[in-house]
Amino acid sequence: MTEPAFLRETRTSYDAVATEFAEQFADELASKPFDRAILAAFAELVLRDGDGPVADLGCGTGTVTAHLAGLGLDVFGIDLSPGLLTVARRNHPGLRFEEGSMTALTVPEGRLAGITAWYSIIHVPDELLPGTFSGFHRALAPGGHLALVFQAGDESMVRTTAFGKAISLTFRRRRPGQVAALLTEAGFEVRAQLVREPEPYAGGTESTRQAYLVARKPPLDRPAA
């Protein structure tokens with residue numbers, strides 16, 4: 001089966017700038033209190049409902065993966081880019097990182113207690129998002145939790161250079177209500193939505209509003225409506 005072009009472009013682009021990307025965003029979470037608050041709430045929910053393995057999808061250099069581990073979760077990272085994963089393994093040698101795509105998870109059905117996708121669904125084309133969310137639902141155990149963060153908006157942005165290097169990345173901004181509707185169609189219960197205004201952070205200043213969604217796969221004793 002031929003690999004979708006966006007996967008090749010995403011992998012190649014992040015491989016090209018892995019070192020510079022890691023340096024610019026190394027301390028990003030330290031200046032994002034809302035991100036830390038959502039991650040803390042997500043970790044509490046997972047631990048409350050039985051604990052179990054958590055996958056950080058599109059983990060990049062492992063910053064969020066390591067943060068979740070520090071909150072007590074049994075977490076591992078998955079990313080497309082070998083270059084980013086090299087940095088993640090070097091910076092966080094006690095954690096597990098795997099190469100893979102969130103659009104075709106190889107995790108056994110019902111294996112995960114939680115999934116995070118921190119600014120990583122932004123590269124998935126619209127037509128592949130419903131199937132991607134269905135894959136998340138399949139991989140989660142009943143009662144498992146999902147946390148998403150993405151740029152809110154209506155327009156996509158294409159970048160062809162970063163850190164002085166040629167890349168080809170499309171950043172897809174989406175309305176939170178549209179993403180929430182897709183999660184519901186995939187079988188999730190959306191438990192929380194938050195949109196915040198752009199803020200400065202350690203690597204620069206955001207240019208768009210940021211959206212957070214927390215959802216849950218219904219427990220076996222409470223099927224989705």
# chains A, B, ... in the order shown; residues from 1 in each chain; ligands from 1
call {"tool": "select_by_dssp", "arguments": {"residues": "chain A", "states": "strand (DSSP E)", "output": "JSON, numbers by chain"}}
result
{"A": [53, 54, 55, 56, 57, 74, 75, 76, 77, 78, 79, 96, 97, 98, 99, 112, 113, 114, 115, 116, 117, 118, 140, 141, 142, 143, 144, 145, 146, 147, 148, 149, 150, 151, 156, 157, 158, 159, 160, 161, 162, 165, 166, 167, 168, 169, 170, 171, 172, 189, 190, 191, 192, 193, 194, 195, 196, 200, 201, 204, 205, 210, 211, 212, 213, 214, 215, 216]}
call {"tool": "residues_around", "arguments": {"residues": "A:Phe133", "least_positions_apart": "4", "cutoff": "12 Å", "atoms": "only C-alpha atoms", "output": "JSON, numbers by chain"}}
result
{"A": [57, 102, 103, 104, 105, 115, 116, 117, 121, 124, 126, 127, 128, 129, 137, 138, 139, 140, 146, 147, 148, 179, 180, 181, 182, 183, 184, 185, 186, 187, 188, 215, 216, 217]}
call {"tool": "residues_around", "arguments": {"residues": "A:Gln193", "least_positions_apart": "3", "cutoff": "10 Å", "atoms": "only C-alpha atoms", "output": "number ranges by chain"}}
result
A: 148, 176-177, 180, 190, 211-215
call {"tool": "atom_distance", "arguments": {"atom1": "atom CA of A:Glu20", "atom2": "atom CA of A:Leu39"}}
result
25.0 Å
call {"tool": "residues_around", "arguments": {"residues": "A:Glu155", "least_positions_apart": "2", "cutoff": "7 Å", "atoms": "only C-alpha atoms", "output": "compact mmCIF listing (two decimals) with all heavy atoms, in the first residue's frame"}}
result
# COMPACT_ATOMS: atom_id res chain seq x y z
N GLY A 153 -9.39 27.60 14.32
CA GLY A 153 -9.55 28.50 13.19
C GLY A 153 -10.17 27.79 12.01
O GLY A 153 -10.61 26.64 12.12
N MET A 157 -2.41 26.66 7.05
CA MET A 157 -1.20 27.40 6.75
C MET A 157 -0.15 26.43 6.23
O MET A 157 0.06 25.36 6.82
CB MET A 157 -0.67 28.09 8.01
CG MET A 157 0.64 28.86 7.78
SD MET A 157 1.33 29.55 9.32
CE MET A 157 1.86 28.04 10.15
N ARG A 172 -3.18 22.55 9.82
CA ARG A 172 -4.62 22.64 9.63
C ARG A 172 -5.30 23.13 10.90
O ARG A 172 -5.29 22.45 11.92
CB ARG A 172 -5.18 21.28 9.19
CG ARG A 172 -4.67 20.87 7.81
CD ARG A 172 -5.07 19.46 7.44
NE ARG A 172 -4.73 19.18 6.05
CZ ARG A 172 -3.54 18.75 5.64
NH1 ARG A 172 -2.57 18.55 6.53
NH2 ARG A 172 -3.30 18.53 4.36
N ARG A 173 -5.89 24.31 10.81
CA ARG A 173 -6.62 24.88 11.94
C ARG A 173 -8.09 24.48 11.82
O ARG A 173 -8.65 24.48 10.72
CB ARG A 173 -6.47 26.40 11.94
CG ARG A 173 -5.02 26.83 12.08
CD ARG A 173 -4.82 28.27 11.69
NE ARG A 173 -3.41 28.66 11.81
CZ ARG A 173 -2.89 29.75 11.29
NH1 ARG A 173 -3.65 30.57 10.60
NH2 ARG A 173 -1.61 30.02 11.45
call {"tool": "closest_residue", "arguments": {"among": "A:Arg175, A:Arg159, A:His123, A:Lys165", "to": "A:Thr10", "atoms": "only C-alpha atoms"}}
result
A:His123
call {"tool": "select_by_dssp", "arguments": {"residues": "stretch 147-207 of chain A", "states": "alpha helix (DSSP H)", "output": "PyMOL selection string"}}
result
chain A and resi 176-185
